[in-house]
Structures are given as structure tokens and as C-alpha cells.
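Dumped structure-v3.cif below, it's mmCIF, C-alpha atoms:
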data_data
loop_
_atom_site.label_atom_id
_atom_site.label_comp_id
_atom_site.auth_asym_id
_atom_site.auth_seq_id
_atom_site.Cartn_x
_atom_site.Cartn_y
_atom_site.Cartn_z
CA ALA A 1 7.84 49.18 -23.76
CA LEU A 2 5.96 48.83 -20.48
CA ALA A 3 5.56 45.10 -21.05
CA ILE A 4 9.27 44.67 -21.80
CA ALA A 5 10.18 46.66 -18.66
CA ALA A 6 7.89 44.52 -16.56
CA LEU A 7 9.50 41.38 -17.93
CA ALA A 8 12.96 42.78 -17.22
CA ILE A 9 12.04 43.64 -13.62
CA THR A 10 10.56 40.19 -13.13
CA ALA A 11 13.73 38.59 -14.45
CA LEU A 12 15.86 40.57 -12.01
CA THR A 13 13.65 39.80 -9.00
CA PRO A 14 14.93 36.83 -6.97
CA GLN A 15 12.50 33.96 -7.37
CA LYS A 16 11.70 31.35 -4.75
CA ALA A 17 12.81 27.87 -5.69
CA PRO A 18 9.81 25.61 -6.33
CA ALA A 19 8.88 23.53 -3.31
CA GLN A 20 10.14 19.97 -3.57
CA GLU A 21 7.13 17.76 -2.94
CA SER A 22 7.81 14.40 -1.44
CA PRO A 23 7.20 11.66 -4.02
CA HIS A 24 5.13 9.85 -1.40
CA VAL A 25 2.58 12.64 -0.89
CA SER A 26 0.39 11.70 -3.83
CA VAL A 27 0.64 7.94 -3.29
CA PRO A 28 -2.63 6.53 -1.89
CA GLN A 29 -2.37 5.02 1.58
CA THR A 30 -3.72 1.76 0.19
CA ILE A 31 -0.57 1.51 -1.96
CA LYS A 32 1.73 2.50 0.91
CA ASN A 33 0.25 -0.32 3.00
CA MET A 34 1.51 -2.75 0.37
CA TYR A 35 5.01 -1.42 -0.11
CA HIS A 36 7.77 -3.88 0.70
CA PRO A 37 11.22 -2.72 -0.43
CA ASP A 38 12.34 -6.14 -1.69
CA ARG A 39 9.07 -7.31 -3.24
CA PHE A 40 7.20 -4.32 -4.60
CA PRO A 41 7.43 -3.86 -8.40
CA ASP A 42 9.22 -0.88 -9.93
CA ILE A 43 6.01 0.12 -11.73
CA TYR A 44 2.53 -0.36 -10.26
CA LEU A 45 -0.40 0.22 -12.62
CA LEU A 46 -3.82 1.33 -11.44
CA THR A 47 -6.97 0.89 -13.45
CA LYS A 48 -9.71 3.47 -13.58
CA PRO A 49 -12.65 2.77 -11.26
CA ASN A 50 -15.01 0.03 -12.50
CA CYS A 51 -12.38 -1.28 -14.93
CA ALA A 52 -10.42 -4.53 -14.76
CA TYR A 53 -7.30 -5.89 -16.40
CA ILE A 54 -7.87 -8.49 -19.09
CA ASN A 55 -5.40 -10.36 -21.29
CA ALA A 56 -5.42 -10.13 -25.08
CA LYS A 57 -6.81 -13.63 -25.59
CA ASP A 58 -9.78 -12.99 -23.30
CA TYR A 59 -10.34 -9.60 -24.92
CA GLU A 60 -10.68 -11.32 -28.29
CA ARG A 61 -13.20 -13.75 -26.79
CA VAL A 62 -15.28 -10.89 -25.40
CA GLN A 63 -15.17 -9.12 -28.78
CA LYS A 64 -16.62 -12.29 -30.35
CA GLY A 65 -19.42 -12.44 -27.78
CA GLN A 66 -17.83 -15.33 -25.89
CA ASN A 67 -17.22 -15.61 -22.16
CA PRO A 68 -13.65 -14.89 -20.98
CA SER A 69 -11.71 -17.68 -19.29
CA THR A 70 -12.17 -15.92 -15.93
CA VAL A 71 -15.61 -14.47 -15.27
CA GLY A 72 -14.67 -12.91 -11.92
CA HIS A 73 -11.94 -10.47 -11.02
CA HIS A 74 -10.59 -8.81 -7.93
CA GLY A 75 -7.55 -6.79 -7.09
CA SER A 76 -8.97 -3.31 -7.60
CA PRO A 77 -7.77 -0.57 -5.21
CA TRP A 78 -11.08 1.28 -5.37
CA ALA A 79 -13.57 1.48 -2.52
CA GLN A 80 -16.29 -0.68 -4.07
CA ASP A 81 -13.90 -3.65 -4.24
CA ARG A 82 -12.40 -3.05 -0.79
CA GLN A 83 -15.74 -3.05 1.03
CA ILE A 84 -16.21 -6.51 2.53
CA PRO A 85 -18.86 -8.39 4.51
CA LEU A 86 -17.65 -9.02 8.07
CA PHE A 87 -19.84 -11.06 10.41
CA PHE A 88 -19.30 -12.62 13.83
CA TYR A 89 -21.51 -15.27 15.43
CA GLY A 90 -21.31 -17.51 18.47
CA LYS A 91 -20.27 -17.50 22.10
CA GLY A 92 -19.33 -14.07 23.41
CA ILE A 93 -20.76 -12.23 20.39
CA ARG A 94 -23.63 -9.76 20.83
CA LYS A 95 -26.83 -10.94 19.16
CA SER A 96 -28.55 -8.93 16.44
CA HIS A 97 -25.91 -6.25 16.77
CA ILE A 98 -25.14 -3.77 14.03
CA ALA A 99 -21.68 -2.24 14.36
CA GLY A 100 -19.92 0.55 12.48
CA THR A 101 -16.42 0.49 11.04
CA ALA A 102 -13.92 -2.37 11.03
CA LYS A 103 -10.95 -3.55 8.99
CA LEU A 104 -9.86 -7.01 7.95
CA VAL A 105 -6.74 -6.62 10.13
CA ASP A 106 -9.08 -6.45 13.17
CA LEU A 107 -10.21 -10.05 12.69
CA ALA A 108 -7.12 -11.81 14.08
CA PRO A 109 -6.71 -9.73 17.27
CA THR A 110 -10.44 -10.09 18.02
CA VAL A 111 -10.35 -13.88 17.70
CA ALA A 112 -7.15 -13.95 19.78
CA TYR A 113 -8.89 -11.99 22.53
CA LEU A 114 -11.81 -14.45 22.61
CA MET A 115 -9.33 -17.33 22.86
CA GLY A 116 -7.42 -15.67 25.69
CA GLY A 117 -4.28 -15.08 23.68
CA GLN A 118 -2.22 -12.17 22.50
CA GLY A 119 -2.94 -10.72 19.09
CA PRO A 120 -0.44 -11.67 16.37
CA SER A 121 2.84 -9.84 16.90
CA ALA A 122 2.70 -7.82 13.66
CA THR A 123 -0.98 -6.91 13.72
CA SER A 124 -2.02 -3.32 13.12
CA GLY A 125 -5.63 -4.16 13.98
CA ARG A 126 -7.67 -3.71 17.15
CA VAL A 127 -9.95 -5.88 19.26
CA LEU A 128 -13.55 -5.21 18.18
CA HIS A 129 -14.90 -4.81 21.72
CA GLU A 130 -18.14 -3.26 20.47
CA ILE A 131 -19.44 -6.64 19.28
CA LEU A 132 -18.38 -8.62 22.37
CA THR A 133 -20.56 -9.33 25.39
CA PRO A 134 -19.31 -7.83 28.70
CA GLU A 135 -18.56 -11.22 30.30
CA THR A 136 -15.80 -11.94 27.76
CA ALA A 137 -13.57 -9.56 29.74
CA HIS A 138 -13.69 -11.94 32.72
CA TRP A 139 -13.58 -15.31 30.98
CA GLY A 140 -11.26 -17.96 32.33
CA PRO A 141 -9.91 -20.96 30.40
CA LYS A 142 -13.14 -22.95 30.88
CA GLN A 143 -15.37 -20.23 29.45
CA ARG A 144 -13.39 -19.60 26.28
CA PRO A 145 -14.55 -21.18 23.00
CA LYS A 146 -12.97 -24.53 22.25
CA VAL A 147 -13.46 -24.25 18.48
CA VAL A 148 -13.13 -21.21 16.24
CA VAL A 149 -14.19 -21.31 12.58
CA LEU A 150 -13.18 -18.71 10.01
CA PHE A 151 -15.17 -18.88 6.79
CA SER A 152 -13.99 -16.78 3.86
CA LEU A 153 -15.78 -16.14 0.56
CA ASP A 154 -13.11 -15.26 -1.96
CA GLN A 155 -14.00 -12.39 -4.34
CA CYS A 156 -17.08 -11.54 -2.25
CA ARG A 157 -17.79 -7.83 -1.91
CA ARG A 158 -20.21 -6.48 0.68
CA ASP A 159 -22.87 -5.66 -1.93
CA HIS A 160 -22.93 -9.29 -3.08
CA PHE A 161 -24.97 -10.12 0.01
CA GLY A 162 -27.75 -8.01 -1.49
CA LEU A 163 -27.26 -9.10 -5.08
CA PHE A 164 -27.20 -12.81 -4.23
CA ALA A 165 -29.34 -12.79 -1.09
CA PRO A 166 -31.55 -15.76 -2.16
CA ALA A 167 -28.45 -17.97 -2.34
CA LEU A 168 -27.39 -17.12 1.22
CA PRO A 169 -30.38 -17.91 3.46
CA PHE A 170 -28.39 -19.46 6.32
CA ILE A 171 -26.08 -16.47 6.59
CA ARG A 172 -29.00 -14.05 6.54
CA GLN A 173 -31.26 -16.00 8.91
CA ARG A 174 -28.67 -17.19 11.44
CA ILE A 175 -25.31 -15.42 11.18
CA ILE A 176 -26.63 -11.91 10.52
CA ALA A 177 -29.91 -12.19 12.46
CA GLN A 178 -28.34 -13.74 15.57
CA GLY A 179 -24.81 -12.38 15.41
CA ALA A 180 -23.02 -9.09 14.83
CA PHE A 181 -22.09 -7.48 11.54
CA PHE A 182 -20.37 -4.34 10.39
CA THR A 183 -21.93 -1.83 8.03
CA ASN A 184 -18.53 -0.47 7.01
CA ALA A 185 -15.89 -3.20 6.91
CA HIS A 186 -13.07 -2.76 4.44
CA LEU A 187 -9.56 -3.63 3.35
CA THR A 188 -6.80 -1.09 3.93
CA TYR A 189 -4.65 -2.00 0.93
CA ALA A 190 -4.93 -1.90 -2.85
CA GLN A 191 -4.23 -5.46 -3.99
CA THR A 192 -7.20 -7.55 -2.85
CA ALA A 193 -6.07 -10.80 -4.48
CA THR A 194 -6.46 -14.21 -2.83
CA ALA A 195 -3.01 -14.70 -1.31
CA VAL A 196 -2.87 -11.11 -0.02
CA SER A 197 -6.19 -11.01 1.80
CA HIS A 198 -5.91 -14.47 3.34
CA ALA A 199 -2.44 -13.68 4.67
CA THR A 200 -3.86 -10.44 6.06
CA ALA A 201 -6.75 -12.24 7.73
CA GLY A 202 -4.34 -14.80 9.17
CA THR A 203 -1.72 -12.38 10.48
CA GLY A 204 -3.75 -9.24 11.23
CA ALA A 205 -0.94 -7.35 9.49
CA ILE A 206 -0.92 -5.15 6.40
CA PRO A 207 0.77 -6.63 3.30
CA ALA A 208 3.77 -4.32 3.70
CA LEU A 209 4.59 -6.25 6.88
CA HIS A 210 3.56 -9.83 6.11
CA GLY A 211 5.18 -9.60 2.66
CA ILE A 212 2.44 -11.20 0.53
CA ILE A 213 1.72 -8.18 -1.65
CA GLY A 214 0.19 -10.13 -4.55
CA ASN A 215 -0.52 -13.61 -5.81
CA ASN A 216 2.89 -13.11 -7.41
CA ILE A 217 5.82 -11.26 -5.89
CA THR A 218 9.23 -10.17 -7.11
CA LYS A 219 11.87 -12.59 -5.82
CA PRO A 220 15.56 -11.78 -5.11
CA ASP A 221 16.57 -13.63 -8.28
CA GLY A 222 14.48 -11.21 -10.36
CA THR A 223 11.64 -13.63 -11.10
CA PHE A 224 7.99 -12.69 -10.62
CA SER A 225 6.59 -15.92 -9.29
CA LEU A 226 3.79 -17.13 -7.04
CA SER A 227 4.07 -15.79 -3.51
CA ILE A 228 2.66 -19.06 -2.14
CA ASP A 229 3.40 -21.60 -4.85
CA ASP A 230 0.35 -23.84 -5.14
CA GLY A 231 0.84 -24.72 -8.80
CA HIS A 232 -2.34 -22.99 -10.01
CA GLY A 233 -1.11 -22.06 -13.45
CA PRO A 234 0.41 -23.81 -16.43
CA ASP A 235 2.21 -26.22 -14.10
CA PRO A 236 -0.19 -29.11 -13.43
CA GLY A 237 1.67 -29.99 -10.23
CA HIS A 238 0.84 -28.71 -6.79
CA GLY A 239 3.85 -26.45 -6.40
CA GLU A 240 6.09 -25.96 -3.41
CA LEU A 241 3.27 -25.16 -0.95
CA SER A 242 5.69 -23.39 1.37
CA PRO A 243 4.64 -20.63 3.80
CA LYS A 244 8.21 -19.26 3.84
CA ASN A 245 7.25 -16.04 2.05
CA ILE A 246 4.86 -15.05 4.86
CA LEU A 247 7.26 -12.94 6.90
CA VAL A 248 5.37 -12.71 10.21
CA PRO A 249 3.50 -15.24 12.39
CA THR A 250 -0.20 -15.87 11.86
CA LEU A 251 -2.69 -16.09 14.69
CA ALA A 252 -2.56 -19.89 14.32
CA ASP A 253 1.23 -19.78 14.75
CA GLU A 254 0.94 -17.66 17.89
CA ILE A 255 -1.78 -19.83 19.43
CA ASP A 256 0.25 -22.95 18.67
CA LEU A 257 3.22 -21.55 20.55
CA GLN A 258 1.10 -20.30 23.43
CA TYR A 259 -0.56 -23.66 24.02
CA GLY A 260 2.46 -25.87 23.36
CA ASN A 261 1.17 -26.99 19.98
CA ARG A 262 -1.84 -28.73 21.52
CA CYS A 263 -4.17 -26.83 19.17
CA HIS A 264 -5.48 -28.49 16.03
CA ILE A 265 -5.16 -26.02 13.17
CA GLN A 266 -6.94 -27.07 9.98
CA ALA A 267 -7.40 -25.01 6.82
CA SER A 268 -9.08 -26.02 3.58
CA SER A 269 -9.53 -24.24 0.26
CA ASN A 270 -9.60 -24.82 -3.48
CA TYR A 271 -6.47 -22.69 -3.46
CA ALA A 272 -3.62 -23.61 -1.13
CA ARG A 273 -2.56 -19.95 -1.18
CA ALA A 274 -5.77 -19.16 0.72
CA ALA A 275 -5.51 -22.01 3.23
CA ILE A 276 -1.81 -21.48 3.96
CA GLY A 277 -2.33 -17.75 4.49
CA ILE A 278 -4.75 -18.55 7.30
CA ALA A 279 -3.05 -21.64 8.76
CA GLY A 280 0.41 -20.12 8.76
CA HIS A 281 3.78 -21.78 9.04
CA GLY A 282 2.94 -25.07 10.79
CA ALA A 283 5.89 -27.46 10.69
CA PHE A 284 7.96 -24.68 9.12
CA TYR A 285 8.27 -23.34 12.71
CA LYS A 286 8.97 -26.77 14.14
CA GLN A 287 12.51 -25.83 15.04
CA ASN A 288 11.08 -23.27 17.47
CA ASN A 289 8.62 -25.68 19.08
CA PRO A 290 9.72 -29.04 20.49
CA GLN A 291 6.20 -30.52 20.36
CA PRO A 292 5.10 -32.33 17.17
CA ASP A 293 3.07 -30.11 14.88
CA ARG A 294 -0.57 -30.98 14.20
CA ASP A 295 -1.50 -28.36 11.63
CA THR A 296 -3.15 -29.59 8.45
CA VAL A 297 -3.87 -27.89 5.12
CA PHE A 298 -6.26 -29.37 2.56
CA ALA A 299 -6.23 -28.01 -0.99
CA PHE A 300 -7.27 -29.17 -4.45
CA ASN A 301 -5.35 -29.47 -7.66
CA ALA A 302 -6.80 -27.03 -10.20
CA HIS A 303 -6.34 -29.50 -13.06
CA SER A 304 -7.32 -32.86 -11.58
CA GLY A 305 -9.74 -31.68 -8.88
CA LEU A 306 -8.07 -34.08 -6.44
CA PRO A 307 -6.95 -33.03 -2.96
CA TYR A 308 -3.28 -32.82 -2.03
#
Have the structure of the file written as C-alpha cells, please.
Amino acid sequence: ALAIAALAITALTPQKAPAQESPHVSVPQTIKNMYHPDRFPDIYLLTKPNCAYINAKDYERVQKGQNPSTVGHHGSPWAQDRQIPLFFYGKGIRKSHIAGTAKLVDLAPTVAYLMGGQGPSATSGRVLHEILTPETAHWGPKQRPKVVVLFSLDQCRRDHFGLFAPALPFIRQRIIAQGAFFTNAHLTYAQTATAVSHATAGTGAIPALHGIIGNNITKPDGTFSLSIDDGHGPDPGHGELSPKNILVPTLADEIDLQYGNRCHIQASSNYARAAIGIAGHGAFYKQNNPQPDRDTVFAFNAHSGLPY
């Protein structure tokens, strides 16, 4: 009887409505930094840590003790795959300097600062002043570097520099020993695929802003096609090779405009999606710049091995 009475009293007592939690509260920031309303998929699947997606055909090969068609994988949102090696070397860079935390989006504004230009308009990164020598703050046009080289190792995590140290003697003996490197450099987004990270390095912006949220993106016509179509798939051709899906200017674009297109921008990769993400829009912006464009992209056909 006491239990029934207690239940009756509880039923008559006004209850607070359950708090309505925002659906975004539990979404990791790395996913939020990729969200583009027109391009993000309706469902986004996350693997468990230390797991990777694999197709059925490759799974059967592994079960038979054979190697899968792709022996490397990236795209994981977890910390171990988002930790990257980040080194700087050359004029204006502190020698033998160990720095702390940096993000890939900091690369473009730092290079822009050394070149005497503004950071890319959509960048969310910062200038990494801690690795720069004091005189860089007072450089004039004659002191600034005339050539800047960005070298990217696709699918290379930070720990690979320990695992494969014997294969990287020049980087260890020159770049690291005589330059500056970060002990905690990382990506701030979940999809670390080729097109995404190279567009991020080129623009200094998170994927939610530059629009390259995967090697493939959802298009307005409902298709899920290559974000930068370089034909690396069943199509043996070289694809459209257009930078139109990169929604913001790259550092190369900004420097071109600043210096009246007198800069020579060159990018080369086995994958055009990597080279275009760094080089930017080139002649695609020609209508905004009266000077002839000099940007060049070199890439290689995945099937023939020939450049195009």
C-alpha cells in the first residue's frame, strides 16, 4: 500500500520536462570543422580507433593471406592519424629549434608572412612567430625569400619519422637538425584524405570553409563524385582537373594577385588533387587578373604513368 501511494504521489507531482540537448553538443569538433551544408553527407560513419574501412573484395584477399589492393589508408578522425610532422627550414627560420603546438592551417599564414603578404582570406590559422628569427619583422622586399618550397608526404603520420628514420637521413640531418620542428602538430578535422589536407595546406582554411571535405563530395545533382576530378579511378582519363570546387583562394592565388601575377607557381604530384589543392585556381581566376597566368600543375596518370 505504501508503494502504491508513493507511486500515486509521484504521478501527481509536476515533473520537469527533460532538457532538450542540442544535437551538435556530442558532435566532435573535428567533424564540425568539416561540415558544409551543401556537401556534407546525410550520414557520416566513424570507425573505432585503430580500425580502417575496407571493401569486400580486399577483405576476401586478406582472409586468403593476400595483400589488399591498397596497403595504406588514411582518413581516420582519431588523434594518432591527425598528428603530423611539421618542419620549417631556411632563411628566417630559427636553427635547431623545437617548438610546441601548431596546426596545418598555420602553414599558409606563416609562409605568407615570410613573403611579405597577407595570409589567405579564409585562413583560421596563425603566424608561427615562435620559429621565426627576430629580423623577419623588419624585412623589406630585398630580404624576403625569392623561392618557397612546400614538400608534402601524403599519408605520413608524425610517428613515421621514427618508424622509417633510416629512409629519411636528409630530413633528419638537415631539415630537423638545422631548422625548426613542432612536437605537437596536428590536423583539426576528421577526414585526412589527400584532397582535403592539400586544400587545407594551400588555403589555411578548415574544410568547412574551403569546401573540399573529402576526396569525393556530394554535388548539387545528387552525385557523390571526385571533389577535384583527376581521373584516379575506373576512368583511365585524367578527369576535369578543375579547381572550381575549392571555394576560397589559396595562398598562391593571393600572392599572384598581390604581385600582379609575376610569381611562378608550380605544383607537382602523382595525384592532381594534391597539386591543385596547393596551387589553387590559376587561370580559373584569370577574369580577375588582367596579367597572363603562369601557374603550372604537373600530375601523372594513374594508369599510364605519364604526366599530363
Here is a test: counting only C-alpha atoms, which residue of A:Leu132, A:Ala272, A:Ile212, A:Leu163 is nearest to Ser225 of chain A?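 Smallest separation from Ser225 of chain A among the options: A:Ile212.
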Any idea what the distance is between atom CA of Thr218 of chain A and atom CA of Phe40 of chain A?
->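 Between atom CA of Thr218 of chain A and atom CA of Phe40 of chain A the gap is 6.7 Å.
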- Message: On this structure, the PyMOL selection byres ((chain A and resi 49) around 10) would catch which residues? List them as a ChimeraX atom specification, sorted by chain and number.
- Response: /A:46-48,50-52,76-81
The selected residues should be written to file as a compact mmCIF listing (two decimals), in the coordinates of the input (atoms: C-alpha atoms).
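Wrote it out as again-v1.txt, contents follow:
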# COMPACT_ATOMS: atom_id res chain seq x y z
CA LEU A 46 -3.82 1.33 -11.44
CA THR A 47 -6.97 0.89 -13.45
CA LYS A 48 -9.71 3.47 -13.58
CA ASN A 50 -15.01 0.03 -12.50
CA CYS A 51 -12.38 -1.28 -14.93
CA ALA A 52 -10.42 -4.53 -14.76
CA SER A 76 -8.97 -3.31 -7.60
CA PRO A 77 -7.77 -0.57 -5.21
CA TRP A 78 -11.08 1.28 -5.37
CA ALA A 79 -13.57 1.48 -2.52
CA GLN A 80 -16.29 -0.68 -4.07
CA ASP A 81 -13.90 -3.65 -4.24
Mind listing whatever residues come within 7 Å of the point (-3.4, -14.9, 17.8)? Use all atoms listed in the file, file coordinates, and give them as a list in words.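 The distance filter leaves exactly Ala108, Pro109, Ala112, Gly117, Gln118, Gly119, Pro120, Thr250, Leu251, Ala252, Glu254 and Ile255 of chain A.
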Picked residues, the PyMOL selection byres ((chain A and resi 245) around 8), expected as JSON, numbers by chain: {"A": [211, 212, 227, 228, 242, 243, 244, 246, 247]}
Handout entry: Expected selection from the PyMOL selection byres ((chain A and resi 70) around 12), given as an NGL selection string
Key = :A and (52-55 or 57-59 or 61-62 or 66-69 or 71-74)
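Close contacts of segment 164-177 of chain A, defined as residues with an atom at most 8 Å away when counting only C-alpha atoms, with chain neighbours fewer than 2 positions off set aside, comprise Phe87, Phe88, Tyr89, Lys95, Ser96, His160, Phe161, Gly162, Gly179, Ala180 and Phe181 of chain A.
In this structure, atom CA of Arg294 of chain A sits 5.8 Å away from atom CA of His264 of chain A.
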Here atom CA of Asp221 of chain A and atom CA of Ile31 of chain A stand apart by 23.7 Å
Can you pull out the residues contacting Phe182 of chain A? Cut-off 8 Å, using all atoms listed in the file, and skip same-chain residues under 5 positions away; I want them as a PDB file with C-alpha atoms, in the frame of the given file.
ATOM      1  CA  PRO A  85     -18.860  -8.390   4.510  1.00  0.00           C
ATOM      2  CA  LEU A  86     -17.650  -9.020   8.070  1.00  0.00           C
ATOM      3  CA  PHE A  87     -19.840 -11.060  10.410  1.00  0.00           C
ATOM      4  CA  ILE A  98     -25.140  -3.770  14.030  1.00  0.00           C
ATOM      5  CA  ALA A  99     -21.680  -2.240  14.360  1.00  0.00           C
ATOM      6  CA  GLY A 100     -19.920   0.550  12.480  1.00  0.00           C
ATOM      7  CA  THR A 101     -16.420   0.490  11.040  1.00  0.00           C
ATOM      8  CA  ALA A 102     -13.920  -2.370  11.030  1.00  0.00           C
TER       9      ALA A 102
END
One residue among A:Glu130, A:Glu135, A:Glu60, A:Asp256 is nearest to Gly92 of chain A when using all atoms listed in the file, and that residue is A:Glu135
Name the residues in contact with Ala267 of chain A at a cut-off of 8 Å, using all atoms listed in the file, excluding same-chain residues fewer than 5 positions from it; report them as a ChimeraX atom specification. /A:275-276,278-279,296-298
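With all atoms listed in the file as the basis for measurement, A:Leu306 is the residue among A:Val105, A:Ile217, A:Leu306, A:Leu257 that approaches Ser269 of chain A most closely.
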Taking N, CA and C atoms as the atom set, what does segment 200-220 of chain A look like once completed, written as a PDB file, in the frame of the given file?
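Full text of result-v6.pdb as output:
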ATOM      1  N   THR A 200      -3.478 -11.550   5.188  1.00  0.00           N
ATOM      2  CA  THR A 200      -3.860 -10.440   6.060  1.00  0.00           C
ATOM      3  C   THR A 200      -4.828 -10.903   7.136  1.00  0.00           C
ATOM      4  N   ALA A 201      -5.809 -11.708   6.748  1.00  0.00           N
ATOM      5  CA  ALA A 201      -6.750 -12.240   7.730  1.00  0.00           C
ATOM      6  C   ALA A 201      -6.030 -13.121   8.745  1.00  0.00           C
ATOM      7  N   GLY A 202      -5.063 -13.886   8.285  1.00  0.00           N
ATOM      8  CA  GLY A 202      -4.340 -14.800   9.170  1.00  0.00           C
ATOM      9  C   GLY A 202      -3.400 -14.102  10.125  1.00  0.00           C
ATOM     10  N   THR A 203      -2.748 -13.040   9.667  1.00  0.00           N
ATOM     11  CA  THR A 203      -1.720 -12.380  10.480  1.00  0.00           C
ATOM     12  C   THR A 203      -2.223 -11.133  11.195  1.00  0.00           C
ATOM     13  N   GLY A 204      -3.306 -10.526  10.686  1.00  0.00           N
ATOM     14  CA  GLY A 204      -3.750  -9.240  11.230  1.00  0.00           C
ATOM     15  C   GLY A 204      -2.822  -8.108  10.855  1.00  0.00           C
ATOM     16  N   ALA A 205      -1.926  -8.349   9.902  1.00  0.00           N
ATOM     17  CA  ALA A 205      -0.940  -7.350   9.490  1.00  0.00           C
ATOM     18  C   ALA A 205      -1.249  -6.861   8.078  1.00  0.00           C
ATOM     19  N   ILE A 206      -0.782  -5.656   7.760  1.00  0.00           N
ATOM     20  CA  ILE A 206      -0.920  -5.150   6.400  1.00  0.00           C
ATOM     21  C   ILE A 206       0.105  -5.861   5.507  1.00  0.00           C
ATOM     22  N   PRO A 207      -0.147  -5.916   4.196  1.00  0.00           N
ATOM     23  CA  PRO A 207       0.770  -6.630   3.300  1.00  0.00           C
ATOM     24  C   PRO A 207       2.208  -6.127   3.355  1.00  0.00           C
ATOM     25  N   ALA A 208       2.411  -4.849   3.616  1.00  0.00           N
ATOM     26  CA  ALA A 208       3.770  -4.320   3.700  1.00  0.00           C
ATOM     27  C   ALA A 208       4.575  -5.029   4.783  1.00  0.00           C
ATOM     28  N   LEU A 209       3.903  -5.561   5.792  1.00  0.00           N
ATOM     29  CA  LEU A 209       4.590  -6.250   6.880  1.00  0.00           C
ATOM     30  C   LEU A 209       4.633  -7.763   6.667  1.00  0.00           C
ATOM     31  N   HIS A 210       3.507  -8.359   6.258  1.00  0.00           N
ATOM     32  CA  HIS A 210       3.560  -9.830   6.110  1.00  0.00           C
ATOM     33  C   HIS A 210       4.197 -10.255   4.791  1.00  0.00           C
ATOM     34  N   GLY A 211       4.377  -9.328   3.855  1.00  0.00           N
ATOM     35  CA  GLY A 211       5.180  -9.600   2.660  1.00  0.00           C
ATOM     36  C   GLY A 211       4.462 -10.225   1.492  1.00  0.00           C
ATOM     37  N   ILE A 212       3.200 -10.629   1.656  1.00  0.00           N
ATOM     38  CA  ILE A 212       2.440 -11.200   0.530  1.00  0.00           C
ATOM     39  C   ILE A 212       1.673 -10.045  -0.110  1.00  0.00           C
ATOM     40  N   ILE A 213       2.308  -9.391  -1.067  1.00  0.00           N
ATOM     41  CA  ILE A 213       1.720  -8.180  -1.650  1.00  0.00           C
ATOM     42  C   ILE A 213       0.992  -8.466  -2.959  1.00  0.00           C
ATOM     43  N   GLY A 214       0.912  -9.733  -3.348  1.00  0.00           N
ATOM     44  CA  GLY A 214       0.190 -10.130  -4.550  1.00  0.00           C
ATOM     45  C   GLY A 214       0.188 -11.636  -4.650  1.00  0.00           C
ATOM     46  N   ASN A 215      -0.620 -12.169  -5.546  1.00  0.00           N
ATOM     47  CA  ASN A 215      -0.520 -13.610  -5.810  1.00  0.00           C
ATOM     48  C   ASN A 215       0.864 -13.955  -6.325  1.00  0.00           C
ATOM     49  N   ASN A 216       1.493 -12.992  -6.990  1.00  0.00           N
ATOM     50  CA  ASN A 216       2.890 -13.110  -7.410  1.00  0.00           C
ATOM     51  C   ASN A 216       3.690 -12.003  -6.742  1.00  0.00           C
ATOM     52  N   ILE A 217       4.932 -12.275  -6.444  1.00  0.00           N
ATOM     53  CA  ILE A 217       5.820 -11.260  -5.890  1.00  0.00           C
ATOM     54  C   ILE A 217       7.173 -11.327  -6.600  1.00  0.00           C
ATOM     55  N   THR A 218       7.886 -10.217  -6.550  1.00  0.00           N
ATOM     56  CA  THR A 218       9.230 -10.170  -7.110  1.00  0.00           C
ATOM     57  C   THR A 218      10.203 -10.862  -6.151  1.00  0.00           C
ATOM     58  N   LYS A 219      10.921 -11.839  -6.654  1.00  0.00           N
ATOM     59  CA  LYS A 219      11.870 -12.590  -5.820  1.00  0.00           C
ATOM     60  C   LYS A 219      13.279 -11.991  -5.967  1.00  0.00           C
ATOM     61  N   PRO A 220      14.193 -12.301  -5.031  1.00  0.00           N
ATOM     62  CA  PRO A 220      15.560 -11.780  -5.110  1.00  0.00           C
ATOM     63  C   PRO A 220      16.282 -12.131  -6.404  1.00  0.00           C
TER      64      PRO A 220
END
